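Chemist: This is the content of run-v8.tsv (TSV, C-alpha atoms and all ligand atoms):
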chain	number	residue	atom	x	y	z
A	1459	VAL	CA	71.40	88.30	67.46
A	1460	GLU	CA	70.38	91.94	67.20
A	1461	LEU	CA	71.76	94.89	69.14
A	1462	ARG	CA	69.46	97.55	70.55
A	1463	ARG	CA	69.66	100.52	72.92
A	1464	ALA	CA	68.44	99.72	76.42
A	1465	VAL	CA	65.30	101.41	77.77
A	1466	ARG	CA	63.99	101.89	81.30
A	1467	ASP	CA	62.05	98.58	81.19
A	1468	ASP	CA	65.38	96.75	80.78
A	1469	ILE	CA	66.70	97.92	84.14
A	1470	ASP	CA	66.29	94.52	85.88
A	1471	VAL	CA	68.25	92.61	83.24
A	1472	ILE	CA	70.94	95.30	83.05
A	1473	VAL	CA	71.45	95.21	86.82
A	1474	TRP	CA	71.54	91.42	86.64
A	1475	PHE	CA	74.22	91.42	83.90
A	1476	VAL	CA	76.42	94.06	85.52
A	1477	ASP	CA	76.18	92.30	88.85
A	1478	ALA	CA	77.08	88.95	87.25
A	1479	MET	CA	80.06	90.63	85.57
A	1480	LEU	CA	81.23	92.10	88.88
A	1481	GLN	CA	80.99	88.65	90.48
A	1482	ASP	CA	83.02	87.17	87.61
A	1483	MET	CA	85.63	89.89	88.12
A	1484	ALA	CA	85.79	89.16	91.84
A	1485	SER	CA	86.45	85.52	90.91
A	1486	TYR	CA	89.41	86.64	88.75
A	1487	GLY	CA	91.03	88.35	91.75
A	1488	GLY	CA	89.15	91.67	91.77
A	1489	HIS	CA	88.08	93.34	95.00
A	1490	PRO	CA	85.39	91.49	96.98
A	1491	LEU	CA	81.90	92.97	96.57
A	1492	VAL	CA	79.52	94.46	99.13
A	1493	GLU	CA	76.41	92.42	99.96
A	1494	ALA	CA	73.80	91.70	97.26
A	1495	ARG	CA	71.03	94.09	98.39
A	1496	ARG	CA	73.42	97.01	98.59
A	1497	ARG	CA	74.87	96.17	95.15
A	1498	ASP	CA	71.36	96.04	93.73
A	1499	ARG	CA	70.49	99.49	95.13
A	1500	LEU	CA	73.74	101.07	93.93
A	1501	LEU	CA	73.56	99.48	90.47
A	1502	ARG	CA	69.94	100.58	89.98
A	1503	ALA	CA	70.87	104.19	90.76
A	1504	HIS	CA	73.83	103.95	88.38
A	1505	VAL	CA	71.80	102.47	85.51
A	1506	ASP	CA	69.03	105.04	86.07
A	1507	ALA	CA	71.59	107.83	85.61
A	1508	CYS	CA	73.15	106.19	82.53
A	1509	LEU	CA	69.78	105.86	80.80
A	1510	VAL	CA	69.28	109.65	80.75
A	1511	ASP	CA	72.89	110.59	79.91
A	1512	ALA	CA	73.44	111.29	76.20
A	1513	ASP	CA	77.17	110.54	76.58
A	1514	HIS	CA	76.44	107.06	77.91
A	1515	LEU	CA	75.70	103.97	75.83
A	1516	LEU	CA	73.85	100.89	77.08
A	1517	LEU	CA	73.45	98.33	74.32
A	1518	LEU	CA	71.77	94.94	74.68
A	1519	ALA	CA	72.23	91.86	72.50
A	1520	VAL	CA	68.85	90.24	71.88
A	1521	PRO	CA	68.16	87.05	69.94
A	1522	GLY	CA	65.92	87.66	66.90
A	1523	GLY	CA	62.18	87.28	67.56
A	1524	ALA	CA	59.69	89.41	69.43
A	1525	GLY	CA	59.77	89.39	73.19
A	1526	SER	CA	63.02	87.46	73.53
A	1527	GLU	CA	65.22	88.07	76.56
A	1528	PRO	CA	68.56	89.89	76.19
A	1529	LEU	CA	71.69	87.73	76.47
A	1530	GLY	CA	74.45	90.32	76.73
A	1531	LEU	CA	75.30	93.93	77.35
A	1532	VAL	CA	77.92	96.60	76.77
A	1533	GLU	CA	78.12	99.83	78.73
A	1534	ALA	CA	80.36	102.67	77.54
A	1535	SER	CA	80.65	106.44	77.84
A	1536	VAL	CA	82.52	109.34	76.30
A	1537	THR	CA	84.95	110.78	78.83
A	1538	GLY	CA	87.81	113.27	78.90
A	1539	LEU	CA	91.31	113.09	80.32
A	1540	ASP	CA	92.63	115.02	83.31
A	1541	GLU	CA	92.71	118.75	82.46
A	1542	LEU	CA	96.52	118.77	82.76
A	1543	LEU	CA	96.69	116.55	79.70
A	1544	ARG	CA	95.98	117.67	76.16
A	1545	PRO	CA	92.26	117.27	75.66
A	1546	LYS	CA	91.19	114.01	74.16
A	1547	ARG	CA	87.81	112.39	73.90
A	1548	VAL	CA	88.10	108.83	75.14
A	1549	LEU	CA	85.50	106.10	74.88
A	1550	HIS	CA	85.55	104.22	78.16
A	1551	ILE	CA	84.15	100.68	78.13
A	1552	HIS	CA	82.69	100.15	81.59
A	1553	ALA	CA	81.01	96.76	81.27
A	1554	LEU	CA	80.82	93.88	78.82
A	1555	TYR	CA	78.88	90.74	79.63
A	1556	VAL	CA	77.48	87.75	77.75
A	1557	GLU	CA	75.47	85.01	79.46
A	1558	PRO	CA	77.58	81.88	79.96
A	1559	GLY	CA	75.45	79.70	77.65
A	1560	HIS	CA	75.91	82.11	74.73
A	1561	ARG	CA	79.65	82.76	74.89
A	1562	ARG	CA	82.18	82.09	72.11
A	1563	GLN	CA	79.59	82.82	69.42
A	1564	GLY	CA	80.69	86.34	68.57
A	1565	VAL	CA	78.18	88.20	70.75
A	1566	GLY	CA	80.79	89.90	72.94
A	1567	ARG	CA	82.77	91.01	69.91
A	1568	ALA	CA	79.63	92.38	68.22
A	1569	LEU	CA	78.72	94.38	71.33
A	1570	LEU	CA	82.24	95.72	71.74
A	1571	GLU	CA	82.58	96.69	68.08
A	1572	ALA	CA	79.20	98.47	68.15
A	1573	ALA	CA	80.33	100.46	71.21
A	1574	LEU	CA	83.62	101.36	69.45
A	1575	ALA	CA	81.71	102.54	66.37
A	1576	TRP	CA	79.43	104.66	68.59
A	1577	GLY	CA	82.46	106.27	70.26
A	1578	LYS	CA	84.16	106.94	66.93
A	1579	GLU	CA	81.03	108.63	65.60
A	1580	ARG	CA	81.12	110.90	68.65
A	1581	GLY	CA	84.67	112.02	67.91
A	1582	CYS	CA	86.57	109.82	70.36
A	1583	GLN	CA	90.26	109.51	69.49
A	1584	GLU	CA	90.77	106.39	71.56
A	1585	ALA	CA	89.03	103.72	73.62
A	1586	ALA	CA	90.06	102.47	77.04
A	1587	LEU	CA	89.02	99.78	79.51
A	1588	ASN	CA	90.31	97.95	82.56
A	1589	ALA	CA	90.81	94.20	82.52
A	1590	LEU	CA	92.03	92.03	85.36
A	1591	ILE	CA	95.10	89.96	84.65
A	1592	GLY	CA	93.81	86.42	84.19
A	1593	ASN	CA	90.43	87.41	82.74
A	1594	PRO	CA	90.04	85.62	79.38
A	1595	ALA	CA	88.19	88.73	78.17
A	1596	SER	CA	91.70	90.10	77.48
A	1597	HIS	CA	91.88	87.80	74.43
A	1598	LEU	CA	88.83	89.53	73.00
A	1599	TYR	CA	90.27	92.97	73.76
A	1600	ARG	CA	93.56	92.17	72.04
A	1601	ALA	CA	91.66	90.70	69.09
A	1602	THR	CA	89.79	94.02	68.73
A	1603	GLY	CA	92.93	96.18	68.79
A	1604	PHE	CA	93.46	96.98	72.50
A	1605	GLN	CA	96.98	96.85	73.94
A	1606	ALA	CA	98.13	96.95	77.56
A	1607	PHE	CA	99.15	100.57	78.22
A	1608	GLN	CA	99.87	100.85	81.93
A	1609	VAL	CA	100.19	98.51	84.88
A	1610	GLU	CA	98.23	99.26	88.05
A	1611	MET	CA	100.44	98.21	90.96
A	1612	ARG	CA	99.24	97.35	94.47
A	1613	ARG	CA	100.74	96.06	97.65
A	1614	ARG	CA	99.20	94.77	100.84
A	1615	PHE	CA	99.92	96.15	104.31
B	1	LIG	C1	84.27	88.52	77.91
B	1	LIG	C2	82.94	88.10	77.29
B	1	LIG	C3	82.01	89.30	77.24
B	1	LIG	C4	83.21	87.59	75.86
B	1	LIG	O1	81.95	87.35	75.25
B	1	LIG	P1	81.80	86.27	74.07
B	1	LIG	O2	80.47	86.49	73.43
B	1	LIG	O3	82.11	84.93	74.55
B	1	LIG	O4	82.97	86.76	73.09
B	1	LIG	P2	83.13	86.38	71.52
B	1	LIG	O5	82.47	85.07	71.23
B	1	LIG	O6	82.68	87.55	70.73
B	1	LIG	O7	84.70	86.22	71.44
B	1	LIG	C5	85.44	86.82	70.42
B	1	LIG	C6	86.89	86.39	70.51
B	1	LIG	O8	87.45	86.77	71.76
B	1	LIG	C7	88.33	85.75	72.23
B	1	LIG	N1	87.76	85.13	73.45
B	1	LIG	C8	86.55	85.37	74.02
B	1	LIG	N2	86.40	84.64	75.15
B	1	LIG	C9	87.54	83.93	75.30
B	1	LIG	C10	87.99	83.00	76.27
B	1	LIG	N3	87.23	82.64	77.33
B	1	LIG	N4	89.22	82.45	76.11
B	1	LIG	C11	90.00	82.79	75.06
B	1	LIG	N5	89.60	83.68	74.09
B	1	LIG	C12	88.41	84.24	74.22
B	1	LIG	C13	88.44	84.75	71.11
B	1	LIG	O9	89.46	85.19	70.25
B	1	LIG	C14	87.09	84.89	70.48
B	1	LIG	O10	87.04	84.47	69.15
B	1	LIG	P3	86.85	82.87	68.83
B	1	LIG	O11	85.68	82.38	69.70
B	1	LIG	O12	86.53	82.89	67.36
B	1	LIG	O13	88.14	82.24	69.19
B	1	LIG	C15	82.31	86.94	78.11
B	1	LIG	O14	83.24	85.89	78.24
B	1	LIG	C16	81.86	87.35	79.50
B	1	LIG	O15	80.73	87.85	79.67
B	1	LIG	N6	82.72	87.13	80.52
B	1	LIG	C17	82.38	87.45	81.90
B	1	LIG	C18	82.29	88.94	82.16
B	1	LIG	C19	83.62	89.62	81.91
B	1	LIG	O16	84.66	89.16	82.33
B	1	LIG	N7	83.54	90.76	81.21
B	1	LIG	C20	84.70	91.56	80.91
B	1	LIG	C21	85.10	92.39	82.07
B	1	LIG	S1	86.64	93.23	81.77
I need this file expressed as structure tokens, please.
Ligand SMILES: CC(C)(COP(=O)(O)OP(=O)(O)OC[C@H]1O[C@@H](n2cnc3c(N)ncnc32)[C@H](O)[C@@H]1OP(=O)(O)O)[C@@H](O)C(=O)NCCC(=O)NCCS
Modeler:
Amino acid sequence: VELRRAVRDDIDVIVWFVDAMLQDMASYGGHPLVEARRRDRLLRAHVDACLVDADHLLLLAVPGGAGSEPLGLVEASVTGLDELLRPKRVLHIHALYVEPGHRRQGVGRALLEAALAWGKERGCQEAALNALIGNPASHLYRATGFQAFQVEMRRRF
């Protein structure tokens, strides 16, 4: 599997992957999603903006061989902290997805590690992401050096 930067022609597969990830997250107890056509429109606009933002990374995992279809994606960007806090460049991992038939073969780890290396090169002092309790992706995050740092608390009315 090779990793390559996404280009505009990849927009359909990127939207597909991010949408599949959001559906997986909803199944792990995340917020329910808006209807499919609205998601598609919103995700397309988001990916369009990411593709022209130099602080944003969209990497695809592609099996070797010309013309083969991507099987996973990582999306990350360089962000800052609130201006009340001492300035820090933080790599935020927004999305990580590998197609179900290709999981547990190291693709997710390769994508994540490539994103971390990209952030480090850009001077990030730390990396951050959100993971739902119960998502097995947490195993991968712990295995790549992430630790739980704060607990987001909610209550229903
Ligand atoms: C999370 C995800 C990207 C992992 O991709 P992957 O290619 O299967 O990950 P890897 O094969 O690189 O896994 C590396 C290590 O992470 C851990 N890991 C990954 N998936 C795991 C699982 N389901 N259960 C337990 N450990 C897991 C293991 O330690 C694994 O190493 P091992 O297979 O040698 O034991 C993939 O499962 C996925 O797309 N899930 C749905 C979308 C999602 O939840 N994304 C994250 C949102 S926060």
Chemist: Select, from A:Gly1592, A:Gly1538, A:Gly1603, A:Gly1581, the residue with the minimum atom-to-atom distance to A:Arg1567, counting only C-alpha atoms.
Modeler: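 When distances to A:Arg1567 are compared using only C-alpha atoms, the smallest one comes from A:Gly1603.
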Chemist: Distance atom CA of A:Leu1518-atom CA of A:Ile1591, one decimal place?
Modeler: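 If I compute the distance from atom CA of A:Leu1518 to atom CA of A:Ile1591, I get 25.9 Å.
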Chemist: Within 8 Å of ligand LIG 1 (chain B), counting only C-alpha atoms and all ligand atoms: which residues, as a PyMOL selection string?
Modeler: chain A and resi 1478-1480+1482-1483+1530+1552-1558+1560-1569+1587-1590+1593-1599+1601
Chemist: Would you work out the distance separating atom CA of A:Asp1470 from atom CA of A:Glu1527, expressed in Å to one decimal?
Modeler: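 Pair atom CA of A:Asp1470 / atom CA of A:Glu1527 returns 11.4 Å.
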Chemist: Build an axis-aligned box that encloses every atom of stretch 1486-1501 of chain A listed in the file, pad it by 4 Å on each side, and report its centre and edge lengths in Å to one decimal, as JSON.
Modeler:
{"center_x": 80.8, "center_y": 93.9, "center_z": 94.4, "size_x": 28.5, "size_y": 22.4, "size_z": 19.2}
Chemist: Tell me, as a list in words, which residues lie within 10 Å of stretch 1542-1548 of chain A, counting only C-alpha atoms; anything in the same chain fewer than 5 positions away does not count.
Modeler: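 Near neighbours after the sequence-gap exclusion: Ser1535, Val1536, Thr1537, Gly1577, Lys1578, Arg1580, Gly1581, Cys1582, Gln1583, Glu1584, Ala1585 and Ala1586 of chain A.
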Chemist: Can those selected residues be exported to a file as a short mmCIF file (atom, residue, chain, number, x, y, z; two decimals), in the coordinates of the input so that it contains C-alpha atoms?
Modeler:
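Written file, out.cif:
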data_model
loop_
_atom_site.label_atom_id
_atom_site.label_comp_id
_atom_site.auth_asym_id
_atom_site.auth_seq_id
_atom_site.Cartn_x
_atom_site.Cartn_y
_atom_site.Cartn_z
CA SER A 1535 80.65 106.44 77.84
CA VAL A 1536 82.52 109.34 76.30
CA THR A 1537 84.95 110.78 78.83
CA GLY A 1577 82.46 106.27 70.26
CA LYS A 1578 84.16 106.94 66.93
CA ARG A 1580 81.12 110.90 68.65
CA GLY A 1581 84.67 112.02 67.91
CA CYS A 1582 86.57 109.82 70.36
CA GLN A 1583 90.26 109.51 69.49
CA GLU A 1584 90.77 106.39 71.56
CA ALA A 1585 89.03 103.72 73.62
CA ALA A 1586 90.06 102.47 77.04
#
Chemist: So the first atom is atom CA of A:Leu1529 and the second is atom CA of A:Asp1498; what is the distance between them in Å, to one decimal place?
Modeler: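 These atoms are spaced 19.2 Å apart.
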